[in-house]
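This is entry-v3.pdb (PDB, C-alpha atoms).
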MODEL        1
ATOM      1  CA  MET A  27      42.278   6.287  15.795
ATOM      2  CA  ARG A  28      40.207   6.794  18.938
ATOM      3  CA  ARG A  29      40.564   4.510  21.924
ATOM      4  CA  PRO A  30      37.898   1.865  22.684
ATOM      5  CA  ALA A  31      34.879   2.942  24.718
ATOM      6  CA  SER A  32      35.274   2.895  28.512
ATOM      7  CA  LEU A  33      32.919   0.112  29.536
ATOM      8  CA  LEU A  34      34.033   0.194  33.188
ATOM      9  CA  ALA A  35      34.739   3.103  35.534
ATOM     10  CA  CYS A  36      35.876   3.446  39.127
ATOM     11  CA  GLY A  37      35.189   6.387  41.384
ATOM     12  CA  PRO A  38      36.671   6.762  44.851
ATOM     13  CA  ARG A  39      33.985   4.541  46.371
ATOM     14  CA  HIS A  40      31.776   3.352  43.519
ATOM     15  CA  SER A  41      31.973   1.341  40.299
ATOM     16  CA  LEU A  42      30.146   1.568  36.974
ATOM     17  CA  GLY A  43      29.718  -0.859  34.095
ATOM     18  CA  VAL A  44      28.001  -0.657  30.711
ATOM     19  CA  ARG A  45      25.795  -3.651  29.949
ATOM     20  CA  VAL A  46      25.363  -5.121  26.482
ATOM     21  CA  ASP A  47      21.894  -3.574  26.219
ATOM     22  CA  GLY A  48      23.227  -0.059  26.867
ATOM     23  CA  THR A  49      22.017   0.209  30.437
ATOM     24  CA  VAL A  50      24.450   0.898  33.270
ATOM     25  CA  ALA A  51      25.163  -1.065  36.445
ATOM     26  CA  ALA A  52      26.452   0.652  39.568
ATOM     27  CA  ALA A  53      27.748  -0.516  42.932
ATOM     28  CA  GLY A  54      29.202   1.174  45.983
ATOM     29  CA  ASP A  55      28.599   4.361  47.918
ATOM     30  CA  GLY A  56      25.812   6.321  46.245
ATOM     31  CA  ALA A  57      25.237   8.872  48.975
ATOM     32  CA  ALA A  58      25.626  11.774  46.556
ATOM     33  CA  GLY A  59      23.511  10.149  43.858
ATOM     34  CA  GLU A  60      26.463   8.865  41.846
ATOM     35  CA  CYS A  61      24.878   5.403  41.594
ATOM     36  CA  ALA A  62      21.497   6.748  40.395
ATOM     37  CA  VAL A  63      21.913   5.441  36.837
ATOM     38  CA  GLU A  64      18.921   3.081  36.681
ATOM     39  CA  GLY A  65      17.162   5.064  33.961
ATOM     40  CA  TRP A  66      20.126   5.442  31.667
ATOM     41  CA  GLY A  67      19.955   3.808  28.241
ATOM     42  CA  ASP A  68      21.825   3.611  24.935
ATOM     43  CA  VAL A  69      25.076   4.221  26.852
ATOM     44  CA  VAL A  70      28.363   3.255  25.200
ATOM     45  CA  ALA A  71      30.892   4.561  27.750
ATOM     46  CA  VAL A  72      31.042   5.672  31.375
ATOM     47  CA  ALA A  73      33.300   7.761  33.577
ATOM     48  CA  ALA A  74      33.397   8.246  37.333
ATOM     49  CA  GLY A  75      34.622  11.327  39.168
ATOM     50  CA  SER A  76      38.099  10.413  40.325
ATOM     51  CA  VAL A  77      39.541  11.584  43.615
ATOM     52  CA  HIS A  78      41.806  10.065  46.230
ATOM     53  CA  ALA A  79      39.965   8.552  49.163
ATOM     54  CA  ALA A  80      39.988  10.805  52.220
ATOM     55  CA  ARG A  81      37.488  11.973  54.817
ATOM     56  CA  ASN A  82      36.718  15.131  52.845
ATOM     57  CA  THR A  83      36.436  13.471  49.415
ATOM     58  CA  GLY A  84      33.520  11.099  49.794
ATOM     59  CA  ARG A  85      31.252  12.629  47.151
ATOM     60  CA  SER A  86      31.580  11.823  43.468
ATOM     61  CA  HIS A  87      29.610  11.838  40.221
ATOM     62  CA  SER A  88      29.025   9.585  37.236
ATOM     63  CA  VAL A  89      28.997  10.398  33.532
ATOM     64  CA  GLY A  90      27.537   8.366  30.679
ATOM     65  CA  LEU A  91      28.091   8.799  26.948
ATOM     66  CA  ARG A  92      25.139   7.811  24.787
ATOM     67  CA  ALA A  93      25.361   6.368  21.283
ATOM     68  CA  ASP A  94      23.941   9.571  19.795
ATOM     69  CA  GLY A  95      26.788  11.685  21.218
ATOM     70  CA  THR A  96      24.812  13.186  24.087
ATOM     71  CA  VAL A  97      25.919  12.886  27.699
ATOM     72  CA  LEU A  98      24.232  12.004  30.996
ATOM     73  CA  ALA A  99      25.433  12.767  34.519
ATOM     74  CA  ALA A 100      24.350  11.951  38.064
ATOM     75  CA  GLY A 101      25.686  12.642  41.521
ATOM     76  CA  TRP A 102      27.489  15.477  43.246
ATOM     77  CA  ASP A 103      27.000  18.730  41.307
ATOM     78  CA  ALA A 104      28.226  21.438  43.668
ATOM     79  CA  HIS A 105      30.556  22.852  41.001
ATOM     80  CA  GLY A 106      28.339  22.247  37.968
ATOM     81  CA  GLN A 107      30.202  19.097  37.015
ATOM     82  CA  CYS A 108      26.945  17.397  36.020
ATOM     83  CA  GLN A 109      25.821  20.182  33.686
ATOM     84  CA  VAL A 110      26.433  18.240  30.483
ATOM     85  CA  ALA A 111      22.927  18.083  29.016
ATOM     86  CA  ALA A 112      23.749  20.570  26.261
ATOM     87  CA  TRP A 113      26.778  18.657  24.978
ATOM     88  CA  ARG A 114      26.514  17.182  21.488
ATOM     89  CA  ASP A 115      28.755  15.150  19.136
ATOM     90  CA  VAL A 116      30.747  13.733  22.051
ATOM     91  CA  VAL A 117      32.842  10.620  21.395
ATOM     92  CA  ALA A 118      34.557  10.127  24.772
ATOM     93  CA  VAL A 119      34.087  11.271  28.366
ATOM     94  CA  ALA A 120      36.274  11.600  31.442
ATOM     95  CA  ALA A 121      35.596  12.739  34.990
ATOM     96  CA  GLY A 122      37.864  14.203  37.632
ATOM     97  CA  TRP A 123      37.197  15.585  41.054
ATOM     98  CA  ARG A 124      34.443  18.187  40.637
ATOM     99  CA  ARG A 125      34.571  18.300  36.807
ATOM    100  CA  SER A 126      33.534  16.465  33.642
ATOM    101  CA  VAL A 127      35.389  16.451  30.326
ATOM    102  CA  GLY A 128      34.110  15.576  26.871
ATOM    103  CA  LEU A 129      35.940  14.883  23.619
ATOM    104  CA  LEU A 130      34.063  16.085  20.539
ATOM    105  CA  ALA A 131      34.050  14.344  17.177
ATOM    106  CA  ASP A 132      35.993  17.219  15.604
ATOM    107  CA  GLY A 133      38.882  16.851  18.075
ATOM    108  CA  ARG A 134      37.943  19.724  20.364
ATOM    109  CA  VAL A 135      37.457  19.256  24.115
ATOM    110  CA  VAL A 136      34.834  20.670  26.479
ATOM    111  CA  ALA A 137      34.774  20.746  30.279
ATOM    112  CA  VAL A 138      32.474  21.819  33.095
ATOM    113  CA  GLY A 139      32.999  22.057  36.822
ATOM    114  CA  ARG A 140      35.563  23.601  39.134
ATOM    115  CA  ALA A 141      37.898  25.888  37.208
ATOM    116  CA  ALA A 142      40.130  27.147  40.025
ATOM    117  CA  GLU A 143      43.069  24.797  39.388
ATOM    118  CA  GLY A 144      42.986  25.164  35.608
ATOM    119  CA  ALA A 145      41.977  21.574  34.924
ATOM    120  CA  CYS A 146      39.044  22.799  32.800
ATOM    121  CA  ASP A 147      41.240  24.995  30.575
ATOM    122  CA  VAL A 148      40.823  22.824  27.484
ATOM    123  CA  ALA A 149      39.011  25.182  25.101
ATOM    124  CA  ALA A 150      42.110  25.723  22.960
ATOM    125  CA  TRP A 151      42.879  22.034  22.480
ATOM    126  CA  ARG A 152      42.564  20.699  18.927
ATOM    127  CA  GLU A 153      43.012  17.373  17.097
ATOM    128  CA  VAL A 154      42.607  15.418  20.330
ATOM    129  CA  VAL A 155      41.792  11.698  20.111
ATOM    130  CA  ALA A 156      41.825  10.613  23.786
ATOM    131  CA  ILE A 157      41.232  12.288  27.155
ATOM    132  CA  THR A 158      41.669  11.480  30.824
ATOM    133  CA  ALA A 159      41.001  13.313  34.072
ATOM    134  CA  GLY A 160      42.924  12.994  37.303
ATOM    135  CA  ASP A 161      42.065  14.644  40.586
ATOM    136  CA  TRP A 162      43.286  18.103  39.582
ATOM    137  CA  HIS A 163      44.687  17.719  36.078
ATOM    138  CA  THR A 164      43.420  16.841  32.605
ATOM    139  CA  VAL A 165      45.443  15.202  29.830
ATOM    140  CA  GLY A 166      44.769  14.619  26.151
ATOM    141  CA  VAL A 167      46.412  12.728  23.306
ATOM    142  CA  ARG A 168      46.594  14.463  19.937
ATOM    143  CA  ALA A 169      46.216  12.732  16.590
ATOM    144  CA  ASP A 170      49.972  12.991  16.031
ATOM    145  CA  GLY A 171      50.653  10.970  19.195
ATOM    146  CA  THR A 172      51.802  13.887  21.335
ATOM    147  CA  ALA A 173      50.157  14.896  24.611
ATOM    148  CA  VAL A 174      48.753  18.061  26.144
ATOM    149  CA  ALA A 175      47.947  18.665  29.811
ATOM    150  CA  THR A 176      46.504  21.336  32.065
ATOM    151  CA  GLY A 177      45.838  21.801  35.764
ATOM    152  CA  VAL A 178      47.902  21.276  38.901
ATOM    153  CA  ASP A 179      51.490  20.326  38.086
ATOM    154  CA  ARG A 180      53.096  20.426  41.513
ATOM    155  CA  PHE A 181      54.606  16.963  41.129
ATOM    156  CA  GLY A 182      55.142  17.053  37.369
ATOM    157  CA  GLN A 183      51.946  15.207  36.565
ATOM    158  CA  CYS A 184      51.456  17.542  33.588
ATOM    159  CA  ALA A 185      55.022  17.131  32.273
ATOM    160  CA  VAL A 186      53.980  15.268  29.132
ATOM    161  CA  GLN A 187      55.386  17.647  26.518
ATOM    162  CA  GLY A 188      58.151  15.272  25.463
ATOM    163  CA  TRP A 189      55.940  12.253  25.006
ATOM    164  CA  GLY A 190      55.286  10.919  21.513
ATOM    165  CA  GLN A 191      53.791   7.976  19.645
ATOM    166  CA  LEU A 192      51.005   7.778  22.216
ATOM    167  CA  ALA A 193      47.844   5.722  21.856
ATOM    168  CA  ASP A 194      46.208   6.566  25.192
ATOM    169  CA  VAL A 195      46.683   8.208  28.584
ATOM    170  CA  ALA A 196      45.432   7.697  32.143
ATOM    171  CA  ALA A 197      45.575  10.187  35.014
ATOM    172  CA  GLY A 198      45.603   9.386  38.716
ATOM    173  CA  TYR A 199      45.829  11.525  41.824
ATOM    174  CA  LEU A 200      49.323  12.935  41.290
ATOM    175  CA  HIS A 201      50.654  10.917  38.354
ATOM    176  CA  THR A 202      50.003  10.407  34.653
ATOM    177  CA  VAL A 203      50.604   7.310  32.548
ATOM    178  CA  GLY A 204      50.955   7.174  28.779
ATOM    179  CA  LEU A 205      50.481   4.123  26.575
ATOM    180  CA  ARG A 206      52.677   4.180  23.502
ATOM    181  CA  ARG A 207      51.637   2.701  20.183
ATOM    182  CA  ASP A 208      54.351   0.044  20.509
ATOM    183  CA  GLY A 209      52.820  -1.248  23.759
ATOM    184  CA  ALA A 210      55.332   0.365  26.104
ATOM    185  CA  VAL A 211      54.241   2.591  28.989
ATOM    186  CA  VAL A 212      55.641   5.888  30.272
ATOM    187  CA  ALA A 213      54.839   7.772  33.462
ATOM    188  CA  THR A 214      55.352  11.155  35.072
ATOM    189  CA  GLY A 215      54.419  12.800  38.346
ATOM    190  CA  ARG A 216      54.601  11.661  41.924
ATOM    191  CA  GLY A 217      55.572   8.018  42.075
ATOM    192  CA  ASP A 218      56.385   7.586  45.761
ATOM    193  CA  ALA A 219      54.069   4.586  46.037
ATOM    194  CA  GLY A 220      55.551   2.988  42.925
ATOM    195  CA  ALA A 221      52.657   3.899  40.641
ATOM    196  CA  GLY A 222      55.162   5.117  38.059
ATOM    197  CA  ASP A 223      57.201   1.911  38.006
ATOM    198  CA  VAL A 224      56.057   0.906  34.515
ATOM    199  CA  ALA A 225      59.266   1.258  32.518
ATOM    200  CA  GLY A 226      59.552  -2.480  31.871
ATOM    201  CA  TRP A 227      55.989  -3.060  30.745
ATOM    202  CA  ARG A 228      55.535  -4.349  27.184
ATOM    203  CA  ASP A 229      52.682  -5.528  24.947
ATOM    204  CA  VAL A 230      50.213  -3.303  26.832
ATOM    205  CA  VAL A 231      46.942  -2.449  25.063
ATOM    206  CA  ALA A 232      45.185  -0.382  27.758
ATOM    207  CA  VAL A 233      46.127   1.478  30.933
ATOM    208  CA  ALA A 234      44.224   2.765  33.955
ATOM    209  CA  ALA A 235      45.402   4.967  36.807
ATOM    210  CA  GLY A 236      44.025   4.888  40.320
ATOM    211  CA  SER A 237      44.933   7.295  43.071
ATOM    212  CA  HIS A 238      48.229   5.590  43.867
ATOM    213  CA  HIS A 239      48.395   2.614  41.524
ATOM    214  CA  THR A 240      48.591   1.888  37.803
ATOM    215  CA  VAL A 241      47.057  -1.005  35.897
ATOM    216  CA  GLY A 242      48.014  -2.311  32.474
ATOM    217  CA  LEU A 243      46.104  -4.736  30.254
ATOM    218  CA  LEU A 244      48.356  -6.903  28.097
ATOM    219  CA  ALA A 245      47.581  -8.171  24.611
ATOM    220  CA  ASP A 246      47.253 -11.729  25.914
ATOM    221  CA  GLY A 247      44.431 -10.765  28.294
ATOM    222  CA  THR A 248      46.523 -10.774  31.448
ATOM    223  CA  VAL A 249      46.930  -7.749  33.718
ATOM    224  CA  ARG A 250      49.817  -6.027  35.497
ATOM    225  CA  ALA A 251      49.729  -3.497  38.311
ATOM    226  CA  ALA A 252      52.199  -1.266  40.131
ATOM    227  CA  GLY A 253      51.961   1.068  43.088
ATOM    228  CA  ALA A 254      50.114   1.104  46.393
ATOM    229  CA  ASP A 255      48.653  -2.282  47.301
ATOM    230  CA  ASP A 256      47.472  -1.627  50.851
ATOM    231  CA  HIS A 257      43.953  -2.807  49.979
ATOM    232  CA  GLY A 258      45.036  -5.487  47.512
ATOM    233  CA  GLN A 259      44.209  -3.273  44.521
ATOM    234  CA  CYS A 260      47.262  -4.593  42.686
ATOM    235  CA  ALA A 261      46.372  -8.281  43.218
ATOM    236  CA  VAL A 262      45.616  -8.879  39.539
ATOM    237  CA  GLY A 263      48.327 -11.388  38.709
ATOM    238  CA  GLY A 264      45.901 -14.260  38.252
ATOM    239  CA  TRP A 265      43.472 -12.472  35.991
ATOM    240  CA  ARG A 266      42.947 -13.962  32.522
ATOM    241  CA  ASP A 267      40.820 -13.256  29.425
ATOM    242  CA  VAL A 268      40.480  -9.571  30.360
ATOM    243  CA  VAL A 269      39.439  -7.036  27.693
ATOM    244  CA  ALA A 270      39.172  -3.804  29.727
ATOM    245  CA  VAL A 271      40.401  -2.426  33.056
ATOM    246  CA  ALA A 272      39.538   0.456  35.368
ATOM    247  CA  ALA A 273      41.167   1.794  38.534
ATOM    248  CA  GLY A 274      39.756   3.822  41.404
ATOM    249  CA  ALA A 275      41.102   5.287  44.599
ATOM    250  CA  ALA A 276      41.911   1.866  46.035
ATOM    251  CA  HIS A 277      40.175  -0.730  43.873
ATOM    252  CA  THR A 278      40.552  -2.246  40.414
ATOM    253  CA  LEU A 279      38.066  -3.727  37.964
ATOM    254  CA  GLY A 280      38.650  -6.036  35.018
ATOM    255  CA  LEU A 281      36.102  -6.893  32.327
ATOM    256  CA  ARG A 282      36.457 -10.443  30.969
ATOM    257  CA  ASP A 283      35.587 -11.446  27.438
ATOM    258  CA  ASP A 284      32.532 -13.353  28.704
ATOM    259  CA  GLY A 285      31.037 -10.174  30.200
ATOM    260  CA  SER A 286      31.852 -10.965  33.802
ATOM    261  CA  VAL A 287      33.821  -8.571  36.009
ATOM    262  CA  LEU A 288      36.853  -9.236  38.207
ATOM    263  CA  THR A 289      37.559  -7.071  41.253
ATOM    264  CA  ALA A 290      40.457  -6.388  43.598
ATOM    265  CA  GLY A 291      41.040  -3.927  46.402
ATOM    266  CA  ASP A 292      38.919  -1.943  48.821
ATOM    267  CA  ASP A 293      35.362  -3.273  49.047
ATOM    268  CA  ALA A 294      34.143  -0.859  51.730
TER     269      ALA A 294
ENDMDL
END

Before anything else, please render the file you have as structure tokens.
Amino acid sequence: MRRPASLLACGPRHSLGVRVDGTVAAAGDGAAGECAVEGWGDVVAVAAGSVHAARNTGRSHSVGLRADGTVLAAGWDAHGQCQVAAWRDVVAVAAGWRRSVGLLADGRVVAVGRAAEGACDVAAWREVVAITAGDWHTVGVRADGTAVATGVDRFGQCAVQGWGQLADVAAGYLHTVGLRRDGAVVATGRGDAGAGDVAGWRDVVAVAAGSHHTVGLLADGTVRAAGADDHGQCAVGGWRDVVAVAAGAAHTLGLRDDGSVLTAGDDA
């Protein structure tokens, strides 16, 4: 079973949302063209190039999955991360810093962009049902509920080999979060800001990972967050009727069941 489409996405300094009519809304810093999505149509999911916010990481890109399995991209393309026009039969997309990742209908995974850290080494992956991209690592969930990861593992963010019964994954800057089929959440990697403090979470139906924080959507439509809160990105305790969440470098988005969007965190 594949995870629901990503209707919201957060980059380091921009946000994306899929409208009911298949067009895409964008807000934030579009200096690199990452918000140039006005002409997109028939989109069913979006992804935003994730990277921690720093002076040398201002540029990002945006990716859109269309209903026919083709993919669109806009924004920073210095490493070929927007070269997705030839992709076909894609069912999910993810975007990291300087790369884009696509999950194919047959369970294979494709990637374009910077290859130096190994985060694009996904050609051998099979039977994958969910993907996520952190700054420098990529993670996938297999049909049997196990996980596979590639890329930088300096802080153990790729140490997912022992995980099982997974439904989804989310990758941040230096940590990875896994959602189990029973609604519990597991985490690995650098958790010095508390982004990995999810051991007590229950009844979770979706997870998102920002640079230094983690967000969980509960079955009752409420939201939990853990980790860095220096910009108020974890101030989600009052949210209700939420059906999807997304996390960026220092901000969080929540989609409500009426189509409106809740926000918390850095609004620069």

- Between A:Val241, A:Ala52, A:Ala142, A:Ile157, which one has atoms that come closest to Leu129 of chain A, using all atoms listed in the file?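 Residue with the minimum atom-to-atom distance to Leu129 of chain A: A:Ile157.
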
- For Asp267 of chain A, which residue out of A:Val249, A:Leu279, A:Ala193, A:Val203 is the nearest one, using only C-alpha atoms?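 Once distances to Asp267 of chain A are computed over only C-alpha atoms, the minimum belongs to A:Val249.
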
- Query: Expressed in Å to a single decimal, how great is the separation between atom CA of Ala225 of chain A and atom CA of Val212 of chain A?
  - Reply: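 For atom CA of Ala225 of chain A relative to atom CA of Val212 of chain A, the distance reads 6.3 Å.
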
- Message: Residues within 12 Å of Ala270 of chain A, please, as number ranges by chain. Count only C-alpha atoms; anything in the same chain fewer than 5 positions from it doesn't count.
- Response: A: 29-35, 43-44, 71, 230-234, 241-249, 265, 278-288

Output the residue selection produced by the PyMOL selection byres ((chain A and resi 239) around 10) on the file above, formatted as a PDB file with C-alpha atoms, in the coordinates of the input.
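Generated file (out11.pdb):
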ATOM      1  CA  GLY A 198      45.603   9.386  38.716  1.00  0.00           C
ATOM      2  CA  TYR A 199      45.829  11.525  41.824  1.00  0.00           C
ATOM      3  CA  HIS A 201      50.654  10.917  38.354  1.00  0.00           C
ATOM      4  CA  GLY A 217      55.572   8.018  42.075  1.00  0.00           C
ATOM      5  CA  ALA A 219      54.069   4.586  46.037  1.00  0.00           C
ATOM      6  CA  GLY A 220      55.551   2.988  42.925  1.00  0.00           C
ATOM      7  CA  ALA A 221      52.657   3.899  40.641  1.00  0.00           C
ATOM      8  CA  GLY A 222      55.162   5.117  38.059  1.00  0.00           C
ATOM      9  CA  ASP A 223      57.201   1.911  38.006  1.00  0.00           C
ATOM     10  CA  ALA A 234      44.224   2.765  33.955  1.00  0.00           C
ATOM     11  CA  ALA A 235      45.402   4.967  36.807  1.00  0.00           C
ATOM     12  CA  GLY A 236      44.025   4.888  40.320  1.00  0.00           C
ATOM     13  CA  SER A 237      44.933   7.295  43.071  1.00  0.00           C
ATOM     14  CA  HIS A 238      48.229   5.590  43.867  1.00  0.00           C
ATOM     15  CA  THR A 240      48.591   1.888  37.803  1.00  0.00           C
ATOM     16  CA  VAL A 241      47.057  -1.005  35.897  1.00  0.00           C
ATOM     17  CA  ALA A 251      49.729  -3.497  38.311  1.00  0.00           C
ATOM     18  CA  ALA A 252      52.199  -1.266  40.131  1.00  0.00           C
ATOM     19  CA  GLY A 253      51.961   1.068  43.088  1.00  0.00           C
ATOM     20  CA  ALA A 254      50.114   1.104  46.393  1.00  0.00           C
ATOM     21  CA  ASP A 255      48.653  -2.282  47.301  1.00  0.00           C
ATOM     22  CA  GLN A 259      44.209  -3.273  44.521  1.00  0.00           C
ATOM     23  CA  CYS A 260      47.262  -4.593  42.686  1.00  0.00           C
ATOM     24  CA  ALA A 273      41.167   1.794  38.534  1.00  0.00           C
ATOM     25  CA  GLY A 274      39.756   3.822  41.404  1.00  0.00           C
ATOM     26  CA  ALA A 275      41.102   5.287  44.599  1.00  0.00           C
ATOM     27  CA  ALA A 276      41.911   1.866  46.035  1.00  0.00           C
ATOM     28  CA  HIS A 277      40.175  -0.730  43.873  1.00  0.00           C
ATOM     29  CA  THR A 278      40.552  -2.246  40.414  1.00  0.00           C
TER      30      THR A 278
END

- Message: Can you spell out as number ranges by chain the set of residues that the PyMOL selection byres ((chain A and resi 136) around 12) selects in the structure I just provided?
- Response: A: 97, 107, 109-110, 112-121, 125-135, 137-139, 145-152, 154, 157, 164, 166

- Message: Please list, as a list in words, the residues that have an atom at most 7 Å away from (30.2, 9.7, 32.9) in the coordinates of this file, counting all atoms listed in the file.
- Response: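 Residues with an atom close enough to that point: Val72, Ala73, Ala74, Ser88, Val89, Gly90, Leu91, Leu98, Ala99, Val119, Ala120 and Ala121 of chain A.
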
- Exercise: Val69 of chain A partners within 6 Å, all atoms listed in the file, chain neighbours under 4 positions left out, as a PyMOL selection string: chain A and resi 48+91-93

- Task: Translate the PyMOL selection byres ((chain A and resi 194) around 7), as applied to the file shown, into an explicit residue set as a list of chain:residue names.
- Result: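 Checking the PyMOL selection byres ((chain A and resi 194) around 7) against this file, the residues are A:Arg29, A:Ala156, A:Val167, A:Leu192, A:Ala193, A:Val195, A:Gly204, A:Leu205.
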
- Task: Quick one: pull the distance between atom CA of Ser86 of chain A and atom CA of Ala111 of chain A, Å, one decimal.
- Result: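 It comes out at 18.0 Å.
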
- Separation of atom CA of Val224 of chain A from atom CA of Gly171 of chain A in Å: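 Answer for the atom CA of Gly171 of chain A to atom CA of Val224 of chain A separation: 19.1 Å.
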